[in-house]
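K.L.:
One file is attached below, work-v9.csv, containing CSV, C-alpha atoms.
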```csv
chain,number,residue,atom,x,y,z
A,10,MET,CA,145.0,96.5,120.4
A,11,CYS,CA,148.1,95.9,118.3
A,12,PRO,CA,150.8,98.5,118.5
A,13,GLU,CA,150.9,99.1,114.7
A,14,SER,CA,147.3,100.2,114.8
A,15,PRO,CA,146.7,103.2,112.5
A,16,VAL,CA,144.3,104.7,115.1
A,17,PRO,CA,145.9,107.1,117.6
A,18,PRO,CA,146.0,105.7,121.2
A,19,LYS,CA,144.1,108.7,122.6
A,20,ILE,CA,141.2,108.0,120.3
A,21,ILE,CA,141.2,104.3,121.2
A,22,GLU,CA,141.1,105.2,124.8
A,23,TYR,CA,138.4,107.8,124.3
A,24,VAL,CA,136.1,105.3,122.5
A,25,LYS,CA,136.7,102.6,125.1
A,26,ASN,CA,135.6,105.0,127.9
A,27,LYS,CA,132.3,105.9,126.3
A,28,ASP,CA,129.0,104.0,126.2
A,29,VAL,CA,128.4,105.1,122.6
A,30,ALA,CA,130.9,107.0,120.4
A,31,SER,CA,129.8,108.9,117.3
A,32,ILE,CA,131.6,110.5,114.4
A,33,SER,CA,130.6,113.9,115.8
A,34,ASP,CA,132.0,113.0,119.2
A,35,ILE,CA,135.4,112.2,117.7
A,36,THR,CA,135.3,115.3,115.4
A,37,GLN,CA,134.6,117.7,118.3
A,38,ALA,CA,136.9,116.0,120.9
A,39,PHE,CA,140.0,116.0,118.7
A,40,SER,CA,139.3,118.8,116.2
A,41,LEU,CA,139.3,116.3,113.3
A,42,THR,CA,137.4,116.4,110.0
A,43,LYS,CA,134.4,114.1,109.8
A,44,ILE,CA,136.1,112.0,107.1
A,45,THR,CA,139.1,111.4,109.4
A,46,ALA,CA,136.9,110.6,112.4
A,47,LYS,CA,134.9,108.2,110.3
A,48,ASN,CA,138.0,106.5,109.0
A,49,TYR,CA,139.3,105.9,112.5
A,50,LEU,CA,136.1,104.4,113.7
A,51,SER,CA,135.8,102.3,110.6
A,52,ARG,CA,139.3,100.9,111.1
A,53,LEU,CA,138.4,100.0,114.7
A,54,ALA,CA,135.3,98.3,113.6
A,55,THR,CA,137.2,96.4,110.9
A,56,MET,CA,139.7,95.3,113.6
A,57,GLY,CA,136.7,94.0,115.7
A,58,GLU,CA,137.3,96.4,118.6
A,59,ILE,CA,134.0,98.2,118.2
A,60,ARG,CA,130.7,97.5,116.4
A,61,SER,CA,128.3,99.7,114.5
A,62,ILE,CA,124.9,100.1,116.2
A,63,GLY,CA,123.5,102.8,113.8
A,64,ARG,CA,124.4,105.4,111.3
A,65,GLY,CA,127.7,106.9,112.6
A,66,LEU,CA,127.3,105.3,116.0
A,67,TYR,CA,129.6,102.7,117.6
A,68,GLN,CA,130.0,100.7,120.8
A,69,VAL,CA,132.9,98.7,122.2
A,70,GLY,CA,132.6,95.0,121.4
A,71,ARG,CA,132.9,92.7,118.4
A,72,ALA,CA,130.2,92.9,115.8
A,73,GLU,CA,128.6,89.5,115.2
A,74,GLY,CA,126.3,88.6,112.4
A,75,VAL,CA,123.1,87.6,114.2
A,76,ILE,CA,120.9,85.1,112.5
A,77,MET,CA,117.6,84.1,114.0
A,78,ARG,CA,117.5,80.6,112.7
A,79,PRO,CA,114.2,79.3,111.3
A,80,PRO,CA,112.7,76.4,113.3
A,81,PRO,CA,112.7,73.0,111.7
A,82,MET,CA,109.2,73.2,110.4
A,83,LEU,CA,109.8,76.5,108.7
A,84,ALA,CA,113.1,75.3,107.3
A,85,LYS,CA,111.2,72.3,105.8
A,86,VAL,CA,108.6,74.6,104.2
A,87,ALA,CA,111.4,76.8,102.8
A,88,LYS,CA,113.1,73.7,101.3
A,89,GLU,CA,109.9,72.5,99.7
A,90,LEU,CA,109.3,75.9,98.1
A,91,GLN,CA,112.8,75.9,96.8
A,92,GLU,CA,112.0,72.5,95.1
A,93,PHE,CA,108.8,73.9,93.6
A,94,PHE,CA,110.3,77.2,92.6
A,95,PRO,CA,114.0,76.9,92.2
A,96,MET,CA,114.5,80.3,90.6
A,97,ALA,CA,112.1,82.2,92.9
A,98,GLU,CA,113.2,84.6,95.7
A,99,PHE,CA,111.1,84.6,98.8
A,100,THR,CA,111.3,85.5,102.5
A,101,VAL,CA,110.4,83.2,105.3
A,102,TRP,CA,110.0,83.8,109.1
A,103,SER,CA,107.8,82.7,112.0
A,104,LEU,CA,107.0,83.6,115.6
A,105,GLN,CA,109.2,80.7,116.9
A,106,MET,CA,112.2,82.7,115.8
A,107,PHE,CA,111.6,84.8,118.9
A,108,SER,CA,112.0,81.8,121.2
A,109,ASP,CA,115.5,82.6,122.4
A,110,TYR,CA,114.4,86.0,123.5
A,111,SER,CA,110.9,85.4,124.8
A,112,HIS,CA,110.2,85.5,128.5
A,113,TYR,CA,107.3,83.0,128.1
A,114,MET,CA,107.1,80.1,125.7
A,115,ILE,CA,105.8,81.1,122.3
A,116,GLY,CA,102.4,79.4,122.0
A,117,LYS,CA,100.8,78.8,118.6
A,118,ASP,CA,103.2,79.5,115.8
A,119,ILE,CA,102.5,81.3,112.5
A,120,MET,CA,104.8,80.8,109.5
A,121,PHE,CA,105.1,83.7,107.1
A,122,ILE,CA,106.0,83.6,103.4
A,123,GLU,CA,106.7,86.9,101.6
A,124,THR,CA,106.7,86.8,97.9
A,125,SER,CA,105.5,88.7,94.8
A,126,LYS,CA,101.9,88.9,93.6
A,127,ILE,CA,102.9,86.9,90.5
A,128,LEU,CA,104.0,83.9,92.6
A,129,SER,CA,101.7,84.1,95.7
A,130,ALA,CA,98.8,82.0,94.3
A,131,SER,CA,101.2,79.4,92.9
A,132,MET,CA,103.0,79.1,96.2
A,133,ARG,CA,99.7,78.7,98.0
A,134,ASP,CA,98.6,75.9,95.7
A,135,ALA,CA,101.9,74.2,96.0
A,136,LEU,CA,101.8,74.2,99.8
A,137,VAL,CA,98.2,73.2,99.9
A,138,SER,CA,99.1,70.2,97.8
A,139,LYS,CA,101.5,69.2,100.7
A,140,ASP,CA,98.5,69.4,103.1
A,141,TYR,CA,99.6,72.7,104.8
A,142,ARG,CA,97.0,75.2,106.1
A,143,VAL,CA,97.7,78.2,103.9
A,144,VAL,CA,96.1,81.7,104.0
A,145,LEU,CA,96.8,84.0,101.1
A,146,GLN,CA,96.8,87.7,102.0
A,147,PRO,CA,95.5,87.2,105.6
A,148,GLU,CA,92.8,89.6,106.8
A,149,ILE,CA,92.2,90.8,110.4
A,150,ARG,CA,90.0,87.8,111.1
A,151,ASP,CA,92.8,85.4,110.1
A,152,PHE,CA,95.2,87.1,112.5
A,153,GLN,CA,92.6,86.9,115.3
A,154,GLU,CA,91.6,83.3,114.7
A,155,PHE,CA,94.9,81.6,113.8
A,156,ALA,CA,95.2,80.0,117.3
A,157,PHE,CA,92.1,77.9,116.6
A,158,TYR,CA,93.5,76.2,113.5
A,159,PRO,CA,94.4,72.6,114.0
A,160,GLN,CA,97.7,73.1,112.1
A,161,ILE,CA,100.3,75.7,112.2
A,162,PRO,CA,99.1,78.2,109.5
A,163,ILE,CA,101.2,79.6,106.8
A,164,PHE,CA,100.4,83.2,105.9
A,165,ILE,CA,101.5,84.2,102.4
A,166,LEU,CA,102.0,88.0,102.1
A,167,GLU,CA,102.1,89.6,98.7
A,168,ARG,CA,105.1,91.7,99.6
A,169,LYS,CA,108.5,92.3,98.1
A,170,GLU,CA,110.3,94.4,100.7
A,171,SER,CA,114.0,93.9,100.3
A,172,TYR,CA,115.2,96.0,103.3
A,173,GLY,CA,116.4,94.2,106.4
A,174,LEU,CA,116.9,90.7,104.9
A,175,THR,CA,119.8,88.3,105.0
A,176,LYS,CA,120.5,85.2,103.0
A,177,PHE,CA,120.3,81.9,104.8
A,178,GLU,CA,120.7,78.5,103.2
A,179,GLY,CA,119.5,79.7,99.8
A,180,TYR,CA,116.5,81.7,101.0
A,181,LEU,CA,115.9,85.0,102.7
A,182,ILE,CA,115.1,85.6,106.4
A,183,PRO,CA,114.5,89.0,108.1
A,184,THR,CA,116.9,90.6,110.6
A,185,PRO,CA,115.8,90.6,114.2
A,186,GLU,CA,114.6,94.2,114.3
A,187,ARG,CA,112.6,93.7,111.2
A,188,ILE,CA,110.7,90.7,112.7
A,189,TRP,CA,110.1,92.6,115.9
A,190,ALA,CA,108.7,95.6,113.9
A,191,ASP,CA,106.5,93.4,111.8
A,192,ILE,CA,105.0,91.8,114.9
A,193,TYR,CA,104.3,95.2,116.3
A,194,TYR,CA,102.7,96.2,113.0
A,195,PHE,CA,100.5,93.2,112.9
A,196,SER,CA,99.4,93.6,116.5
A,197,THR,CA,98.5,97.3,116.0
A,198,ARG,CA,97.2,97.2,112.5
A,199,LYS,CA,95.9,93.7,111.8
A,200,GLY,CA,94.3,92.7,115.1
A,201,PHE,CA,97.0,90.1,115.8
A,202,VAL,CA,96.8,89.0,119.4
A,203,PHE,CA,100.3,89.3,120.8
A,204,ASP,CA,100.8,90.5,124.3
A,205,SER,CA,102.4,94.0,124.2
A,206,TYR,CA,104.2,93.5,127.5
A,207,GLU,CA,105.8,90.3,126.1
A,208,LEU,CA,106.7,92.1,122.9
A,209,GLY,CA,108.5,94.7,125.1
A,210,LEU,CA,110.3,92.0,127.1
A,211,ILE,CA,111.5,90.4,123.8
A,212,PHE,CA,112.9,93.8,122.7
A,213,VAL,CA,114.7,94.2,126.0
A,214,ALA,CA,116.2,90.7,125.7
A,215,MET,CA,117.4,91.4,122.2
A,216,VAL,CA,119.0,94.7,123.2
A,217,ASP,CA,120.7,93.0,126.1
A,218,LYS,CA,122.2,90.5,123.7
A,219,GLY,CA,123.4,93.3,121.4
A,220,ILE,CA,121.5,92.2,118.3
A,221,ILE,CA,119.4,95.3,117.7
A,222,ASN,CA,120.7,97.8,115.2
A,223,PHE,CA,118.7,100.9,116.1
A,224,ASP,CA,119.3,102.7,112.8
A,225,ARG,CA,118.0,99.7,110.9
A,226,LEU,CA,115.0,99.4,113.2
A,227,LEU,CA,114.1,103.1,112.6
A,228,ARG,CA,114.7,102.9,108.9
A,229,TYR,CA,112.5,99.8,108.5
A,230,SER,CA,109.8,101.4,110.8
A,231,THR,CA,109.7,104.3,108.4
A,232,ARG,CA,109.0,101.9,105.5
A,233,ARG,CA,106.3,100.2,107.6
A,234,GLY,CA,104.6,103.5,108.5
A,235,ILE,CA,105.3,103.1,112.3
A,236,PHE,CA,108.3,105.3,112.7
A,237,ARG,CA,106.8,107.8,115.2
A,238,GLU,CA,105.5,105.0,117.4
A,239,ILE,CA,108.8,103.2,117.5
A,240,LEU,CA,110.7,106.4,118.1
A,241,ILE,CA,108.4,107.2,121.1
A,242,PHE,CA,108.9,103.7,122.4
A,243,LEU,CA,112.7,104.0,122.2
A,244,TYR,CA,112.6,107.5,123.8
A,245,GLU,CA,110.4,106.3,126.7
A,246,LEU,CA,112.7,103.3,127.2
A,247,MET,CA,115.8,105.5,127.2
A,248,LYS,CA,114.2,107.8,129.9
A,249,THR,CA,113.9,104.8,132.3
A,250,ASN,CA,117.7,105.0,132.8
A,251,SER,CA,117.7,101.2,133.0
A,252,ARG,CA,120.5,99.0,131.7
A,253,VAL,CA,118.7,98.6,128.4
A,254,GLY,CA,117.7,102.3,128.3
A,255,LYS,CA,121.4,103.3,128.5
A,256,ASN,CA,122.1,101.3,125.4
A,257,ILE,CA,119.8,103.6,123.4
A,258,ALA,CA,122.0,106.6,122.6
A,259,GLU,CA,120.3,110.0,122.2
A,260,HIS,CA,122.2,110.2,118.9
A,261,VAL,CA,120.0,107.4,117.6
A,262,LEU,CA,116.8,109.2,118.3
A,263,LEU,CA,118.1,112.5,116.9
A,264,GLY,CA,119.9,111.1,113.9
```
Show me this structure written as structure tokens.

P.N.:
Amino acid sequence: MCPESPVPPKIIEYVKNKDVASISDITQAFSLTKITAKNYLSRLATMGEIRSIGRGLYQVGRAEGVIMRPPPMLAKVAKELQEFFPMAEFTVWSLQMFSDYSHYMIGKDIMFIETSKILSASMRDALVSKDYRVVLQPEIRDFQEFAFYPQIPIFILERKESYGLTKFEGYLIPTPERIWADIYYFSTRKGFVFDSYELGLIFVAMVDKGIINFDRLLRYSTRRGIFREILIFLYELMKTNSRVGKNIAEHVLLG
């Protein structure tokens, strides 16, 4: 830490010695206003000494923008859609984006395209013309039988959810926690066959690598209608007192 840092050394030392530091912690420990405490933590985050892991929560370590890169086939589909619809905004993702965090090899892939109802049928027709196997607005049966398709299927969802997205090479991809929550949603609501134990292992691996923003996960889970389930999952994981459980601060669950 450079000597000219505007943050008092005692606060720097305090933050470094805690697993998770919150604005409330700093406020109470040093009798500061919330605004002052927030400013100190924000400065440390800007300097790269700590990273935000949720609303008002910070951990020691540099914040890194995490991009779960689309696999080559998905990137190819995205580029083709850009050529067909140069002014359209759409989201792409697939199961293979979990590969770096999965304990087992991801088997049959599914590619997802999220777009508006106005564009969905046109996108389907455009991709079908390229000989892709495309399902518009997949039903439970599609999620259950996708593994039997001879090609990797493309599921087009009529959905314009803007939360938890990041721009990548001209198109949108979801953040890691959004992809994980969507897989959970499909497996519990749409009959998607995805081993729950493996989904848990993937989550643990992502937490280990520091790419999960718990606040974003809970916010998105609220929008997906699975907030209580994810909250209980995090609480049970925290109670294990494991290495991963210790990364889930009680502040996250209460805030």

K.L.:
One decimal, in Å: what's the spacing between CA of Phe177 (chain A) and CA of Glu98 (chain A)?

P.N.:
11.9 Å

K.L.:
Please identify all polymer residues within 10 Å of Ile239 (chain A), counting only C-alpha atoms, omitting same-chain residues fewer than 6 positions from it, and present them as a PDB file with C-alpha atoms, in the coordinates of the input.

P.N.:
```pdb
ATOM      1  CA  ALA A 190     108.700  95.600 113.900  1.00  0.00           C
ATOM      2  CA  TYR A 193     104.300  95.200 116.300  1.00  0.00           C
ATOM      3  CA  LEU A 226     115.000  99.400 113.200  1.00  0.00           C
ATOM      4  CA  LEU A 227     114.100 103.100 112.600  1.00  0.00           C
ATOM      5  CA  SER A 230     109.800 101.400 110.800  1.00  0.00           C
ATOM      6  CA  THR A 231     109.700 104.300 108.400  1.00  0.00           C
ATOM      7  CA  GLU A 245     110.400 106.300 126.700  1.00  0.00           C
TER       8      GLU A 245
END
```

K.L.:
Between A:Lys218, A:Arg225, A:Arg232, A:Lys176, which one has atoms that come closest to Pro79 (chain A), using only C-alpha atoms?

P.N.:
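The answer is A:Lys176, which sits nearest to Pro79 (chain A).
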
K.L.:
Nearest to Asp118 (chain A) among A:Phe195, A:Leu83, A:Val29, A:Gly234, with distances taken over only C-alpha atoms: which residue is it?

P.N.:
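Of the candidates, the smallest distance to Asp118 (chain A) is held by A:Leu83.
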
K.L.:
Determine the nearest neighbour of Thr124 (chain A) from the options A:Ser196, A:Ser138, A:Gln146, A:Ser111, counting only C-alpha atoms.

P.N.:
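Smallest distance to Thr124 (chain A) is found for A:Gln146.
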
K.L.:
Hey, what's within 8 Å of region 49-51 of chain A if we count only C-alpha atoms and toss same-chain stuff fewer than 5 positions away? As an mmCIF file with C-alpha atoms, keeping the file's coordinate frame, please?

P.N.:
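Output saved as result23.cif:
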```
data_model
loop_
_atom_site.group_PDB
_atom_site.id
_atom_site.type_symbol
_atom_site.label_atom_id
_atom_site.label_comp_id
_atom_site.auth_asym_id
_atom_site.auth_seq_id
_atom_site.Cartn_x
_atom_site.Cartn_y
_atom_site.Cartn_z
ATOM 1 C CA PRO A 15 146.700 103.200 112.500
ATOM 2 C CA VAL A 16 144.300 104.700 115.100
ATOM 3 C CA ILE A 32 131.600 110.500 114.400
ATOM 4 C CA ILE A 59 134.000 98.200 118.200
ATOM 5 C CA TYR A 67 129.600 102.700 117.600
#
```

K.L.:
May I ask which of the residues A:Ile149, A:Val137, A:Ile188, A:Met120 is the closest one to Gly200 (chain A), counting all atoms listed in the file?

P.N.:
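Of all the options, A:Ile149 lies closest to Gly200 (chain A).
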
K.L.:
Between CA of Ile221 (chain A) and CA of Glu170 (chain A), what is the distance in Å, rounded to a tenth?

P.N.:
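So the two atoms, CA of Ile221 (chain A) and CA of Glu170 (chain A), lie 19.3 Å apart.
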
K.L.:
Considering only C-alpha atoms, return as a ChimeraX atom specification whatever protein or nucleic-acid residues lie within 8 Å of Ile211 (chain A), sequence-local ones (same chain, fewer than 2 positions apart) excluded.

P.N.:
/A:107,110-112,207-209,213-215

K.L.:
What does the distance from CA of Tyr158 (chain A) to CA of Val86 (chain A) come to in Å, to one decimal?

P.N.:
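Going from CA of Tyr158 (chain A) over to CA of Val86 (chain A), I get 17.8 Å.
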